[in-house]
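protein39.cif (mmCIF, N, CA and C atoms)
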```cif
data_model
#
loop_
_atom_site.label_atom_id
_atom_site.label_comp_id
_atom_site.auth_asym_id
_atom_site.auth_seq_id
_atom_site.Cartn_x
_atom_site.Cartn_y
_atom_site.Cartn_z
N MET A 7 10.07 57.48 -82.20
CA MET A 7 9.50 56.46 -83.06
C MET A 7 9.98 55.07 -82.62
N TRP A 8 9.09 54.12 -82.79
CA TRP A 8 9.41 52.75 -82.43
C TRP A 8 10.35 52.13 -83.44
N THR A 9 11.29 51.34 -82.96
CA THR A 9 12.15 50.54 -83.83
C THR A 9 12.19 49.13 -83.28
N THR A 10 12.39 48.18 -84.15
CA THR A 10 12.47 46.78 -83.75
C THR A 10 13.67 46.58 -82.83
N PRO A 11 13.45 46.06 -81.64
CA PRO A 11 14.58 45.84 -80.73
C PRO A 11 15.46 44.67 -81.20
N ASP A 12 16.75 44.79 -80.96
CA ASP A 12 17.66 43.71 -81.30
C ASP A 12 17.64 42.65 -80.19
N ASP A 13 18.35 41.55 -80.44
CA ASP A 13 18.36 40.45 -79.46
C ASP A 13 18.89 40.88 -78.10
N ALA A 14 19.89 41.74 -78.08
CA ALA A 14 20.45 42.19 -76.80
C ALA A 14 19.41 42.97 -76.00
N THR A 15 18.62 43.78 -76.68
CA THR A 15 17.58 44.56 -76.00
C THR A 15 16.48 43.64 -75.50
N ILE A 16 16.07 42.69 -76.31
CA ILE A 16 15.03 41.74 -75.87
C ILE A 16 15.54 40.93 -74.68
N ALA A 17 16.78 40.49 -74.73
CA ALA A 17 17.35 39.74 -73.60
C ALA A 17 17.36 40.60 -72.34
N GLN A 18 17.69 41.87 -72.48
CA GLN A 18 17.68 42.78 -71.33
C GLN A 18 16.27 42.94 -70.78
N ILE A 19 15.30 43.11 -71.65
CA ILE A 19 13.90 43.22 -71.21
C ILE A 19 13.53 41.97 -70.41
N LEU A 20 13.85 40.81 -70.94
CA LEU A 20 13.49 39.56 -70.26
C LEU A 20 14.20 39.42 -68.92
N ARG A 21 15.45 39.86 -68.83
CA ARG A 21 16.19 39.81 -67.56
C ARG A 21 15.61 40.75 -66.52
N GLU A 22 15.21 41.94 -66.94
CA GLU A 22 14.74 42.95 -65.99
C GLU A 22 13.27 42.79 -65.61
N THR A 23 12.53 42.02 -66.36
CA THR A 23 11.11 41.81 -66.09
C THR A 23 10.93 40.88 -64.89
N LYS A 24 10.04 41.27 -64.00
CA LYS A 24 9.70 40.43 -62.84
C LYS A 24 8.24 39.96 -62.91
N THR A 25 7.37 40.80 -63.51
CA THR A 25 5.94 40.48 -63.58
C THR A 25 5.44 40.68 -65.00
N ILE A 26 4.55 39.77 -65.42
CA ILE A 26 3.97 39.82 -66.76
C ILE A 26 2.45 39.69 -66.64
N ALA A 27 1.74 40.57 -67.35
CA ALA A 27 0.29 40.43 -67.51
C ALA A 27 0.04 39.86 -68.89
N ILE A 28 -0.65 38.73 -68.95
CA ILE A 28 -1.00 38.12 -70.23
C ILE A 28 -2.42 38.52 -70.56
N VAL A 29 -2.55 39.43 -71.53
CA VAL A 29 -3.84 39.98 -71.91
C VAL A 29 -4.43 39.12 -73.02
N GLY A 30 -5.60 38.54 -72.75
CA GLY A 30 -6.25 37.67 -73.72
C GLY A 30 -5.95 36.21 -73.47
N VAL A 31 -5.52 35.89 -72.26
CA VAL A 31 -5.26 34.49 -71.93
C VAL A 31 -6.55 33.69 -72.12
N SER A 32 -6.40 32.47 -72.58
CA SER A 32 -7.56 31.62 -72.85
C SER A 32 -7.53 30.39 -71.95
N ALA A 33 -8.69 29.93 -71.56
CA ALA A 33 -8.81 28.68 -70.81
C ALA A 33 -8.69 27.48 -71.73
N ASN A 34 -8.79 27.70 -73.03
CA ASN A 34 -8.71 26.63 -74.03
C ASN A 34 -7.24 26.24 -74.23
N PRO A 35 -6.88 25.00 -73.89
CA PRO A 35 -5.48 24.60 -74.00
C PRO A 35 -4.96 24.58 -75.44
N ASP A 36 -5.83 24.66 -76.42
CA ASP A 36 -5.40 24.68 -77.82
C ASP A 36 -5.02 26.08 -78.31
N ARG A 37 -5.29 27.10 -77.51
CA ARG A 37 -5.00 28.48 -77.91
C ARG A 37 -3.54 28.83 -77.56
N PRO A 38 -2.86 29.59 -78.42
CA PRO A 38 -1.47 29.97 -78.13
C PRO A 38 -1.31 30.70 -76.80
N SER A 39 -2.27 31.54 -76.43
CA SER A 39 -2.14 32.27 -75.17
C SER A 39 -2.10 31.33 -73.97
N HIS A 40 -2.83 30.25 -74.05
CA HIS A 40 -2.84 29.27 -72.97
C HIS A 40 -1.47 28.57 -72.89
N GLY A 41 -0.93 28.19 -74.04
CA GLY A 41 0.37 27.53 -74.06
C GLY A 41 1.48 28.41 -73.54
N VAL A 42 1.47 29.67 -73.94
CA VAL A 42 2.50 30.60 -73.46
C VAL A 42 2.36 30.82 -71.96
N TYR A 43 1.13 30.99 -71.50
CA TYR A 43 0.89 31.14 -70.05
C TYR A 43 1.46 29.93 -69.30
N ARG A 44 1.13 28.73 -69.75
CA ARG A 44 1.60 27.51 -69.07
C ARG A 44 3.14 27.44 -69.08
N TYR A 45 3.72 27.71 -70.24
CA TYR A 45 5.18 27.65 -70.34
C TYR A 45 5.83 28.64 -69.38
N LEU A 46 5.41 29.89 -69.43
CA LEU A 46 6.02 30.91 -68.57
C LEU A 46 5.78 30.60 -67.10
N ALA A 47 4.60 30.11 -66.75
CA ALA A 47 4.30 29.77 -65.36
C ALA A 47 5.20 28.64 -64.86
N GLU A 48 5.54 27.71 -65.74
CA GLU A 48 6.32 26.54 -65.34
C GLU A 48 7.82 26.71 -65.50
N HIS A 49 8.26 27.56 -66.43
CA HIS A 49 9.69 27.60 -66.77
C HIS A 49 10.38 28.94 -66.55
N SER A 50 9.64 29.94 -66.18
CA SER A 50 10.26 31.25 -66.03
C SER A 50 10.19 31.72 -64.57
N PRO A 51 10.96 32.73 -64.24
CA PRO A 51 10.92 33.27 -62.88
C PRO A 51 9.81 34.31 -62.67
N TYR A 52 9.01 34.60 -63.71
CA TYR A 52 8.06 35.70 -63.66
C TYR A 52 6.82 35.37 -62.83
N ARG A 53 6.31 36.40 -62.16
CA ARG A 53 4.97 36.30 -61.58
C ARG A 53 4.02 36.70 -62.71
N ILE A 54 3.01 35.88 -62.89
CA ILE A 54 2.10 36.04 -64.03
C ILE A 54 0.74 36.52 -63.53
N PHE A 55 0.23 37.56 -64.19
CA PHE A 55 -1.15 38.02 -63.99
C PHE A 55 -1.91 37.72 -65.27
N LEU A 56 -3.12 37.23 -65.11
CA LEU A 56 -3.95 36.85 -66.25
C LEU A 56 -5.05 37.88 -66.45
N VAL A 57 -5.30 38.25 -67.71
CA VAL A 57 -6.31 39.26 -68.03
C VAL A 57 -7.20 38.74 -69.16
N ASN A 58 -8.49 38.67 -68.87
CA ASN A 58 -9.50 38.31 -69.86
C ASN A 58 -10.86 38.63 -69.24
N PRO A 59 -11.65 39.50 -69.86
CA PRO A 59 -12.93 39.88 -69.25
C PRO A 59 -14.00 38.79 -69.29
N THR A 60 -13.73 37.68 -70.00
CA THR A 60 -14.77 36.64 -70.13
C THR A 60 -14.61 35.47 -69.17
N ILE A 61 -13.48 35.42 -68.44
CA ILE A 61 -13.30 34.35 -67.44
C ILE A 61 -12.80 34.98 -66.14
N THR A 62 -13.05 34.30 -65.03
CA THR A 62 -12.65 34.85 -63.73
C THR A 62 -11.56 34.04 -63.03
N GLU A 63 -11.30 32.82 -63.52
CA GLU A 63 -10.34 31.96 -62.85
C GLU A 63 -9.75 30.99 -63.87
N LEU A 64 -8.48 30.69 -63.71
CA LEU A 64 -7.80 29.70 -64.56
C LEU A 64 -6.76 29.01 -63.70
N ASP A 65 -6.87 27.71 -63.57
CA ASP A 65 -5.93 26.93 -62.77
C ASP A 65 -5.83 27.44 -61.33
N GLY A 66 -6.94 27.91 -60.78
CA GLY A 66 -6.95 28.41 -59.42
C GLY A 66 -6.43 29.83 -59.28
N GLN A 67 -6.06 30.45 -60.37
CA GLN A 67 -5.53 31.80 -60.34
C GLN A 67 -6.61 32.78 -60.82
N THR A 68 -6.69 33.92 -60.17
CA THR A 68 -7.65 34.95 -60.56
C THR A 68 -7.32 35.45 -61.96
N VAL A 69 -8.36 35.62 -62.77
CA VAL A 69 -8.22 36.26 -64.08
C VAL A 69 -8.94 37.60 -63.97
N TYR A 70 -8.21 38.66 -64.25
CA TYR A 70 -8.72 40.02 -64.09
C TYR A 70 -9.39 40.49 -65.38
N PRO A 71 -10.40 41.35 -65.26
CA PRO A 71 -11.12 41.79 -66.46
C PRO A 71 -10.37 42.81 -67.30
N SER A 72 -9.37 43.48 -66.72
CA SER A 72 -8.64 44.52 -67.45
C SER A 72 -7.30 44.75 -66.77
N LEU A 73 -6.43 45.47 -67.45
CA LEU A 73 -5.15 45.84 -66.83
C LEU A 73 -5.37 46.73 -65.62
N ALA A 74 -6.34 47.62 -65.69
CA ALA A 74 -6.61 48.53 -64.57
C ALA A 74 -7.04 47.78 -63.31
N ALA A 75 -7.59 46.58 -63.46
CA ALA A 75 -8.07 45.81 -62.31
C ALA A 75 -6.96 45.01 -61.61
N LEU A 76 -5.77 44.99 -62.17
CA LEU A 76 -4.68 44.22 -61.57
C LEU A 76 -4.30 44.78 -60.21
N PRO A 77 -3.86 43.92 -59.28
CA PRO A 77 -3.48 44.39 -57.95
C PRO A 77 -2.17 45.16 -57.92
N GLU A 78 -1.37 45.06 -58.96
CA GLU A 78 -0.13 45.82 -59.07
C GLU A 78 0.19 46.01 -60.55
N THR A 79 1.09 46.91 -60.81
CA THR A 79 1.47 47.20 -62.20
C THR A 79 2.48 46.15 -62.67
N PRO A 80 2.16 45.47 -63.76
CA PRO A 80 3.13 44.51 -64.30
C PRO A 80 4.25 45.24 -65.02
N ASP A 81 5.41 44.63 -65.05
CA ASP A 81 6.52 45.20 -65.82
C ASP A 81 6.23 45.10 -67.31
N LEU A 82 5.68 43.97 -67.72
CA LEU A 82 5.49 43.68 -69.14
C LEU A 82 4.04 43.29 -69.39
N VAL A 83 3.45 43.86 -70.42
CA VAL A 83 2.10 43.51 -70.85
C VAL A 83 2.23 42.72 -72.15
N ASP A 84 1.86 41.45 -72.09
CA ASP A 84 1.99 40.49 -73.19
C ASP A 84 0.61 40.32 -73.83
N VAL A 85 0.46 40.73 -75.08
CA VAL A 85 -0.87 40.88 -75.68
C VAL A 85 -1.18 39.78 -76.70
N PHE A 86 -2.30 39.10 -76.45
CA PHE A 86 -2.89 38.12 -77.35
C PHE A 86 -4.31 38.57 -77.69
N ARG A 87 -4.46 39.61 -78.43
CA ARG A 87 -5.78 40.12 -78.80
C ARG A 87 -5.78 40.46 -80.28
N ARG A 88 -6.96 40.71 -80.80
CA ARG A 88 -7.07 41.08 -82.22
C ARG A 88 -6.38 42.41 -82.48
N ARG A 89 -5.93 42.58 -83.70
CA ARG A 89 -5.21 43.80 -84.07
C ARG A 89 -6.02 45.05 -83.77
N GLU A 90 -7.32 45.01 -84.00
CA GLU A 90 -8.13 46.21 -83.78
C GLU A 90 -8.23 46.59 -82.30
N GLU A 91 -7.80 45.73 -81.41
CA GLU A 91 -7.83 46.03 -79.98
C GLU A 91 -6.49 46.55 -79.46
N LEU A 92 -5.46 46.54 -80.28
CA LEU A 92 -4.12 46.88 -79.82
C LEU A 92 -4.00 48.33 -79.37
N ALA A 93 -4.64 49.26 -80.07
CA ALA A 93 -4.55 50.67 -79.67
C ALA A 93 -5.13 50.87 -78.28
N GLY A 94 -6.27 50.27 -77.99
CA GLY A 94 -6.88 50.41 -76.67
C GLY A 94 -6.03 49.79 -75.58
N ILE A 95 -5.47 48.63 -75.86
CA ILE A 95 -4.60 47.97 -74.87
C ILE A 95 -3.33 48.78 -74.66
N THR A 96 -2.84 49.38 -75.73
CA THR A 96 -1.66 50.25 -75.61
C THR A 96 -1.94 51.38 -74.64
N HIS A 97 -3.08 52.03 -74.78
CA HIS A 97 -3.42 53.13 -73.86
C HIS A 97 -3.59 52.63 -72.43
N GLU A 98 -4.17 51.44 -72.26
CA GLU A 98 -4.29 50.86 -70.91
C GLU A 98 -2.90 50.61 -70.31
N ALA A 99 -1.98 50.06 -71.11
CA ALA A 99 -0.63 49.78 -70.62
C ALA A 99 0.08 51.08 -70.22
N ILE A 100 -0.11 52.11 -71.01
CA ILE A 100 0.47 53.42 -70.68
C ILE A 100 -0.15 53.94 -69.38
N ASP A 101 -1.48 53.87 -69.29
CA ASP A 101 -2.20 54.41 -68.12
C ASP A 101 -1.79 53.74 -66.82
N ILE A 102 -1.51 52.43 -66.86
CA ILE A 102 -1.14 51.75 -65.61
C ILE A 102 0.35 51.87 -65.30
N GLY A 103 1.15 52.36 -66.24
CA GLY A 103 2.57 52.54 -65.99
C GLY A 103 3.45 51.33 -66.26
N ALA A 104 3.01 50.45 -67.17
CA ALA A 104 3.84 49.31 -67.55
C ALA A 104 5.13 49.80 -68.20
N ARG A 105 6.18 49.00 -68.12
CA ARG A 105 7.46 49.38 -68.73
C ARG A 105 7.60 48.86 -70.16
N THR A 106 6.99 47.70 -70.43
CA THR A 106 7.14 47.06 -71.74
C THR A 106 5.79 46.61 -72.26
N LEU A 107 5.58 46.82 -73.55
CA LEU A 107 4.39 46.35 -74.26
C LEU A 107 4.86 45.35 -75.30
N TRP A 108 4.30 44.15 -75.25
CA TRP A 108 4.76 43.06 -76.12
C TRP A 108 3.57 42.53 -76.90
N PHE A 109 3.61 42.70 -78.23
CA PHE A 109 2.57 42.15 -79.10
C PHE A 109 3.04 40.81 -79.64
N GLN A 110 2.23 39.79 -79.48
CA GLN A 110 2.58 38.44 -79.87
C GLN A 110 2.73 38.28 -81.39
N LEU A 111 3.12 37.08 -81.79
CA LEU A 111 3.31 36.77 -83.20
C LEU A 111 2.10 37.20 -84.04
N ASP A 112 2.38 37.77 -85.19
CA ASP A 112 1.37 38.22 -86.15
C ASP A 112 0.58 39.43 -85.69
N LEU A 113 0.93 40.03 -84.58
CA LEU A 113 0.28 41.25 -84.13
C LEU A 113 1.19 42.43 -84.41
N VAL A 114 0.78 43.25 -85.37
CA VAL A 114 1.57 44.39 -85.78
C VAL A 114 0.67 45.61 -85.86
N ASP A 115 1.04 46.65 -85.13
CA ASP A 115 0.35 47.94 -85.20
C ASP A 115 1.40 49.01 -84.92
N VAL A 116 1.98 49.54 -85.97
CA VAL A 116 3.06 50.50 -85.84
C VAL A 116 2.59 51.77 -85.14
N ASP A 117 1.35 52.20 -85.40
CA ASP A 117 0.83 53.39 -84.72
C ASP A 117 0.77 53.17 -83.21
N ALA A 118 0.27 51.99 -82.79
CA ALA A 118 0.21 51.69 -81.36
C ALA A 118 1.62 51.60 -80.78
N ALA A 119 2.54 50.98 -81.52
CA ALA A 119 3.93 50.88 -81.05
C ALA A 119 4.55 52.27 -80.90
N ASN A 120 4.30 53.16 -81.85
CA ASN A 120 4.81 54.52 -81.75
C ASN A 120 4.22 55.26 -80.56
N THR A 121 2.92 55.08 -80.34
CA THR A 121 2.27 55.71 -79.18
C THR A 121 2.91 55.24 -77.88
N ALA A 122 3.12 53.93 -77.76
CA ALA A 122 3.73 53.38 -76.55
C ALA A 122 5.17 53.87 -76.39
N ALA A 123 5.93 53.85 -77.48
CA ALA A 123 7.33 54.30 -77.41
C ALA A 123 7.41 55.77 -77.03
N GLN A 124 6.52 56.59 -77.57
CA GLN A 124 6.51 58.01 -77.22
C GLN A 124 6.17 58.24 -75.76
N ALA A 125 5.42 57.29 -75.17
CA ALA A 125 5.07 57.38 -73.75
C ALA A 125 6.16 56.77 -72.86
N GLY A 126 7.24 56.27 -73.46
CA GLY A 126 8.35 55.76 -72.69
C GLY A 126 8.40 54.26 -72.51
N LEU A 127 7.47 53.52 -73.12
CA LEU A 127 7.48 52.07 -73.00
C LEU A 127 8.42 51.46 -74.02
N GLN A 128 9.04 50.35 -73.64
CA GLN A 128 9.74 49.53 -74.61
C GLN A 128 8.67 48.72 -75.33
N VAL A 129 8.84 48.48 -76.62
CA VAL A 129 7.84 47.76 -77.39
C VAL A 129 8.50 46.65 -78.19
N VAL A 130 7.95 45.45 -78.05
CA VAL A 130 8.35 44.30 -78.85
C VAL A 130 7.11 43.88 -79.61
N MET A 131 7.25 43.66 -80.91
CA MET A 131 6.08 43.39 -81.73
C MET A 131 6.36 42.19 -82.64
N ASP A 132 5.32 41.37 -82.82
CA ASP A 132 5.39 40.21 -83.71
C ASP A 132 6.44 39.21 -83.24
N ARG A 133 6.51 39.03 -81.93
CA ARG A 133 7.42 38.06 -81.31
C ARG A 133 6.65 37.31 -80.22
N CYS A 134 7.07 36.10 -79.94
CA CYS A 134 6.45 35.28 -78.89
C CYS A 134 7.32 35.29 -77.64
N THR A 135 6.73 35.62 -76.51
CA THR A 135 7.49 35.65 -75.26
C THR A 135 8.06 34.26 -74.92
N GLU A 136 7.31 33.21 -75.18
CA GLU A 136 7.81 31.87 -74.90
C GLU A 136 9.05 31.57 -75.73
N ILE A 137 8.98 31.82 -77.01
CA ILE A 137 10.11 31.55 -77.91
C ILE A 137 11.31 32.40 -77.52
N GLU A 138 11.09 33.68 -77.28
CA GLU A 138 12.19 34.57 -76.96
C GLU A 138 12.78 34.27 -75.59
N PHE A 139 11.95 33.89 -74.62
CA PHE A 139 12.49 33.51 -73.31
C PHE A 139 13.35 32.26 -73.45
N ALA A 140 12.87 31.25 -74.20
CA ALA A 140 13.64 30.03 -74.38
C ALA A 140 14.96 30.32 -75.12
N ARG A 141 14.92 31.26 -76.03
CA ARG A 141 16.09 31.58 -76.85
C ARG A 141 17.06 32.53 -76.14
N LEU A 142 16.52 33.54 -75.44
CA LEU A 142 17.36 34.62 -74.92
C LEU A 142 17.28 34.84 -73.42
N GLY A 143 16.34 34.20 -72.77
CA GLY A 143 16.05 34.52 -71.37
C GLY A 143 17.19 34.31 -70.40
N SER A 144 18.13 33.46 -70.74
CA SER A 144 19.22 33.20 -69.79
C SER A 144 20.46 34.03 -70.09
N ARG A 145 20.39 34.87 -71.10
CA ARG A 145 21.58 35.71 -71.45
C ARG A 145 21.80 36.81 -70.44
#
```
Is it possible to express this structure as structure tokens?
Amino acid sequence: MWTTPDDATIAQILRETKTIAIVGVSANPDRPSHGVYRYLAEHSPYRIFLVNPTITELDGQTVYPSLAALPETPDLVDVFRRREELAGITHEAIDIGARTLWFQLDLVDVDAANTAAQAGLQVVMDRCTEIEFARLGSR
């Protein structure tokens, strides 16, 4: 069963992560997914993959239509999608072999978190990667 990770676990996840797929990234600079993408691209050591089936390019970087279309498996899947899409994204993250599934602020689906945890993924839910990286990323 999934349990909320403590700060030490989140810090460890952030330290061990090398690649992040941002699912639901937006080209609109007013959207939270765009801000998090920009912050992580500029301030973190992570290689970022962008996922959104409605756009093909953002800032000169390829945007992939799905997790399965990525050229490599990301360590962490960072999700900015509607709650009703979380179960499907969870199964995609499991299928591609991601290590961590991260649901952004206000995204809570305990069933999806349990499914991911049972498949061996670490799960962070209702947290922002930008905030947590700024707070814990250097620990």
For the provided coordinates, the residues matched by the PyMOL selection byres ((chain A and resi 71-87) around 5) should be stated as a PDB file with N, CA and C atoms, in the coordinates of the input.
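Contents of the output file selection_2.pdb:
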```pdb
ATOM      1  N   THR A  25       7.370  40.800 -63.510  1.00  0.00           N
ATOM      2  CA  THR A  25       5.940  40.480 -63.580  1.00  0.00           C
ATOM      3  C   THR A  25       5.440  40.680 -65.000  1.00  0.00           C
ATOM      4  N   ILE A  26       4.550  39.770 -65.420  1.00  0.00           N
ATOM      5  CA  ILE A  26       3.970  39.820 -66.760  1.00  0.00           C
ATOM      6  C   ILE A  26       2.450  39.690 -66.640  1.00  0.00           C
ATOM      7  N   ALA A  27       1.740  40.570 -67.350  1.00  0.00           N
ATOM      8  CA  ALA A  27       0.290  40.430 -67.510  1.00  0.00           C
ATOM      9  C   ALA A  27       0.040  39.860 -68.890  1.00  0.00           C
ATOM     10  N   ILE A  28      -0.650  38.730 -68.950  1.00  0.00           N
ATOM     11  CA  ILE A  28      -1.000  38.120 -70.230  1.00  0.00           C
ATOM     12  C   ILE A  28      -2.420  38.520 -70.560  1.00  0.00           C
ATOM     13  N   VAL A  29      -2.550  39.430 -71.530  1.00  0.00           N
ATOM     14  CA  VAL A  29      -3.840  39.980 -71.910  1.00  0.00           C
ATOM     15  C   VAL A  29      -4.430  39.120 -73.020  1.00  0.00           C
ATOM     16  N   GLY A  30      -5.600  38.540 -72.750  1.00  0.00           N
ATOM     17  CA  GLY A  30      -6.250  37.670 -73.720  1.00  0.00           C
ATOM     18  C   GLY A  30      -5.950  36.210 -73.470  1.00  0.00           C
ATOM     19  N   ASN A  58      -8.490  38.670 -68.870  1.00  0.00           N
ATOM     20  CA  ASN A  58      -9.500  38.310 -69.860  1.00  0.00           C
ATOM     21  C   ASN A  58     -10.860  38.630 -69.240  1.00  0.00           C
ATOM     22  N   PRO A  59     -11.650  39.500 -69.860  1.00  0.00           N
ATOM     23  CA  PRO A  59     -12.930  39.880 -69.250  1.00  0.00           C
ATOM     24  C   PRO A  59     -14.000  38.790 -69.290  1.00  0.00           C
ATOM     25  N   VAL A  69      -8.360  35.620 -62.770  1.00  0.00           N
ATOM     26  CA  VAL A  69      -8.220  36.260 -64.080  1.00  0.00           C
ATOM     27  C   VAL A  69      -8.940  37.600 -63.970  1.00  0.00           C
ATOM     28  N   TYR A  70      -8.210  38.660 -64.250  1.00  0.00           N
ATOM     29  CA  TYR A  70      -8.720  40.020 -64.090  1.00  0.00           C
ATOM     30  C   TYR A  70      -9.390  40.490 -65.380  1.00  0.00           C
ATOM     31  N   ARG A  88      -6.960  40.710 -80.800  1.00  0.00           N
ATOM     32  CA  ARG A  88      -7.070  41.080 -82.220  1.00  0.00           C
ATOM     33  C   ARG A  88      -6.380  42.410 -82.480  1.00  0.00           C
ATOM     34  N   ARG A  89      -5.930  42.580 -83.700  1.00  0.00           N
ATOM     35  CA  ARG A  89      -5.210  43.800 -84.070  1.00  0.00           C
ATOM     36  C   ARG A  89      -6.020  45.050 -83.770  1.00  0.00           C
ATOM     37  N   ALA A 104       3.010  50.450 -67.170  1.00  0.00           N
ATOM     38  CA  ALA A 104       3.840  49.310 -67.550  1.00  0.00           C
ATOM     39  C   ALA A 104       5.130  49.800 -68.200  1.00  0.00           C
ATOM     40  N   ARG A 105       6.180  49.000 -68.120  1.00  0.00           N
ATOM     41  CA  ARG A 105       7.460  49.380 -68.730  1.00  0.00           C
ATOM     42  C   ARG A 105       7.600  48.860 -70.160  1.00  0.00           C
ATOM     43  N   THR A 106       6.990  47.700 -70.430  1.00  0.00           N
ATOM     44  CA  THR A 106       7.140  47.060 -71.740  1.00  0.00           C
ATOM     45  C   THR A 106       5.790  46.610 -72.260  1.00  0.00           C
ATOM     46  N   LEU A 107       5.580  46.820 -73.550  1.00  0.00           N
ATOM     47  CA  LEU A 107       4.390  46.350 -74.260  1.00  0.00           C
ATOM     48  C   LEU A 107       4.860  45.350 -75.300  1.00  0.00           C
ATOM     49  N   TRP A 108       4.300  44.150 -75.250  1.00  0.00           N
ATOM     50  CA  TRP A 108       4.760  43.060 -76.120  1.00  0.00           C
ATOM     51  C   TRP A 108       3.570  42.530 -76.900  1.00  0.00           C
ATOM     52  N   PHE A 109       3.610  42.700 -78.230  1.00  0.00           N
ATOM     53  CA  PHE A 109       2.570  42.150 -79.100  1.00  0.00           C
ATOM     54  C   PHE A 109       3.040  40.810 -79.640  1.00  0.00           C
ATOM     55  N   GLN A 110       2.230  39.790 -79.480  1.00  0.00           N
ATOM     56  CA  GLN A 110       2.580  38.440 -79.870  1.00  0.00           C
ATOM     57  C   GLN A 110       2.730  38.280 -81.390  1.00  0.00           C
TER      58      GLN A 110
END
```
Exercise. What is the CA of Thr9 (chain A) to CA of Ala93 (chain A) distance in Å?
Worked result: 17.2 Å
For this session: Write out as a ChimeraX atom specification which residues come within 8 Å of Ala118 (chain A) when counting all atoms listed in the file, dropping same-chain ones fewer than 6 positions away.
Result: /A:92-94,96-97,124
For this session: Specify as a list in words each residue included when the PyMOL selection byres ((chain A and resi 135) around 8) is applied to this file.
Result: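 Checking the PyMOL selection byres ((chain A and resi 135) around 8) against this file, the residues are Val42, Leu46, Asp84, Trp108, Phe109, Gln110, Leu111, Asp132, Arg133, Cys134, Glu136, Ile137, Glu138, Phe139, Ala140 and Arg141 of chain A.
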For this session: Find the residues near Thr68 (chain A): any atom within 8 Å, counting only N, CA and C atoms, skip ones fewer than 6 places away on the same chain, and give them as number ranges by chain.
Result: A: 55-58, 61-62
For this session: Using CA of Thr121 (chain A) and atom N of Trp8 (chain A) as the two end points, give the distance in Å to one decimal.
Result: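 Computing the Euclidean distance for CA of Thr121 (chain A) and atom N of Trp8 (chain A) yields 7.9 Å.
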Problem set entry | Coordinates-based distance that separates CA of Ser50 (chain A) from CA of Gly143 (chain A) (Å, one decimal) | 8.5 Å
Go through region 63-92 of chain A and collect every residue that DSSP, computed from the backbone, puts in strand (DSSP E or B); the answer should be as a PDB file with N, CA and C atoms, in the coordinates of the input.
```
ATOM      1  N   GLU A  63     -11.300  32.820 -63.520  1.00  0.00           N
ATOM      2  CA  GLU A  63     -10.340  31.960 -62.850  1.00  0.00           C
ATOM      3  C   GLU A  63      -9.750  30.990 -63.870  1.00  0.00           C
ATOM      4  N   LEU A  64      -8.480  30.690 -63.710  1.00  0.00           N
ATOM      5  CA  LEU A  64      -7.800  29.700 -64.560  1.00  0.00           C
ATOM      6  C   LEU A  64      -6.760  29.010 -63.700  1.00  0.00           C
ATOM      7  N   GLN A  67      -6.060  30.450 -60.370  1.00  0.00           N
ATOM      8  CA  GLN A  67      -5.530  31.800 -60.340  1.00  0.00           C
ATOM      9  C   GLN A  67      -6.610  32.780 -60.820  1.00  0.00           C
ATOM     10  N   THR A  68      -6.690  33.920 -60.170  1.00  0.00           N
ATOM     11  CA  THR A  68      -7.650  34.950 -60.560  1.00  0.00           C
ATOM     12  C   THR A  68      -7.320  35.450 -61.960  1.00  0.00           C
ATOM     13  N   VAL A  69      -8.360  35.620 -62.770  1.00  0.00           N
ATOM     14  CA  VAL A  69      -8.220  36.260 -64.080  1.00  0.00           C
ATOM     15  C   VAL A  69      -8.940  37.600 -63.970  1.00  0.00           C
ATOM     16  N   TYR A  70      -8.210  38.660 -64.250  1.00  0.00           N
ATOM     17  CA  TYR A  70      -8.720  40.020 -64.090  1.00  0.00           C
ATOM     18  C   TYR A  70      -9.390  40.490 -65.380  1.00  0.00           C
ATOM     19  N   LEU A  82       5.680  43.970 -67.720  1.00  0.00           N
ATOM     20  CA  LEU A  82       5.490  43.680 -69.140  1.00  0.00           C
ATOM     21  C   LEU A  82       4.040  43.290 -69.390  1.00  0.00           C
ATOM     22  N   VAL A  83       3.450  43.860 -70.420  1.00  0.00           N
ATOM     23  CA  VAL A  83       2.100  43.510 -70.850  1.00  0.00           C
ATOM     24  C   VAL A  83       2.230  42.720 -72.150  1.00  0.00           C
ATOM     25  N   ASP A  84       1.860  41.450 -72.090  1.00  0.00           N
ATOM     26  CA  ASP A  84       1.990  40.490 -73.190  1.00  0.00           C
ATOM     27  C   ASP A  84       0.610  40.320 -73.830  1.00  0.00           C
ATOM     28  N   VAL A  85       0.460  40.730 -75.080  1.00  0.00           N
ATOM     29  CA  VAL A  85      -0.870  40.880 -75.680  1.00  0.00           C
ATOM     30  C   VAL A  85      -1.180  39.780 -76.700  1.00  0.00           C
TER      31      VAL A  85
END
```
For this session: Step by step, work through what the PyMOL selection byres ((chain A and resi 14-24) around 5) selects in the shown file, and finish by giving those residues as a PyMOL selection string.
Result: chain A and resi 12-13+25-26+52-53+142
Exercise. Looking at A:Gly103, A:Pro11, A:Gly66, A:Pro35, which one is nearest to Val129 (chain A), with distances taken over only C-alpha atoms?
Worked result: A:Pro11
Problem set entry | Contacts of Asn120 (chain A) at 6 Å (all atoms listed in the file; same-chain gap of 5+ positions) as a VMD selection string | chain A and resid 7 to 8 115 125
Problem set entry | Sel. of alpha helix (DSSP H) residues, region 27-72 of chain A, as a ChimeraX atom specification | /A:38-49
Give, as lines of an AutoDock Vina configuration file, the centre coordinates and the x, y and z edge lengths in Å to one decimal for an axis-aligned box around all listed atoms of region 61-75 of chain A, padded by 6 Å on each side.
```
center_x = -9.3
center_y = 37.7
center_z = -63.9
size_x = 20.3
size_y = 33.6
size_z = 21.2
```
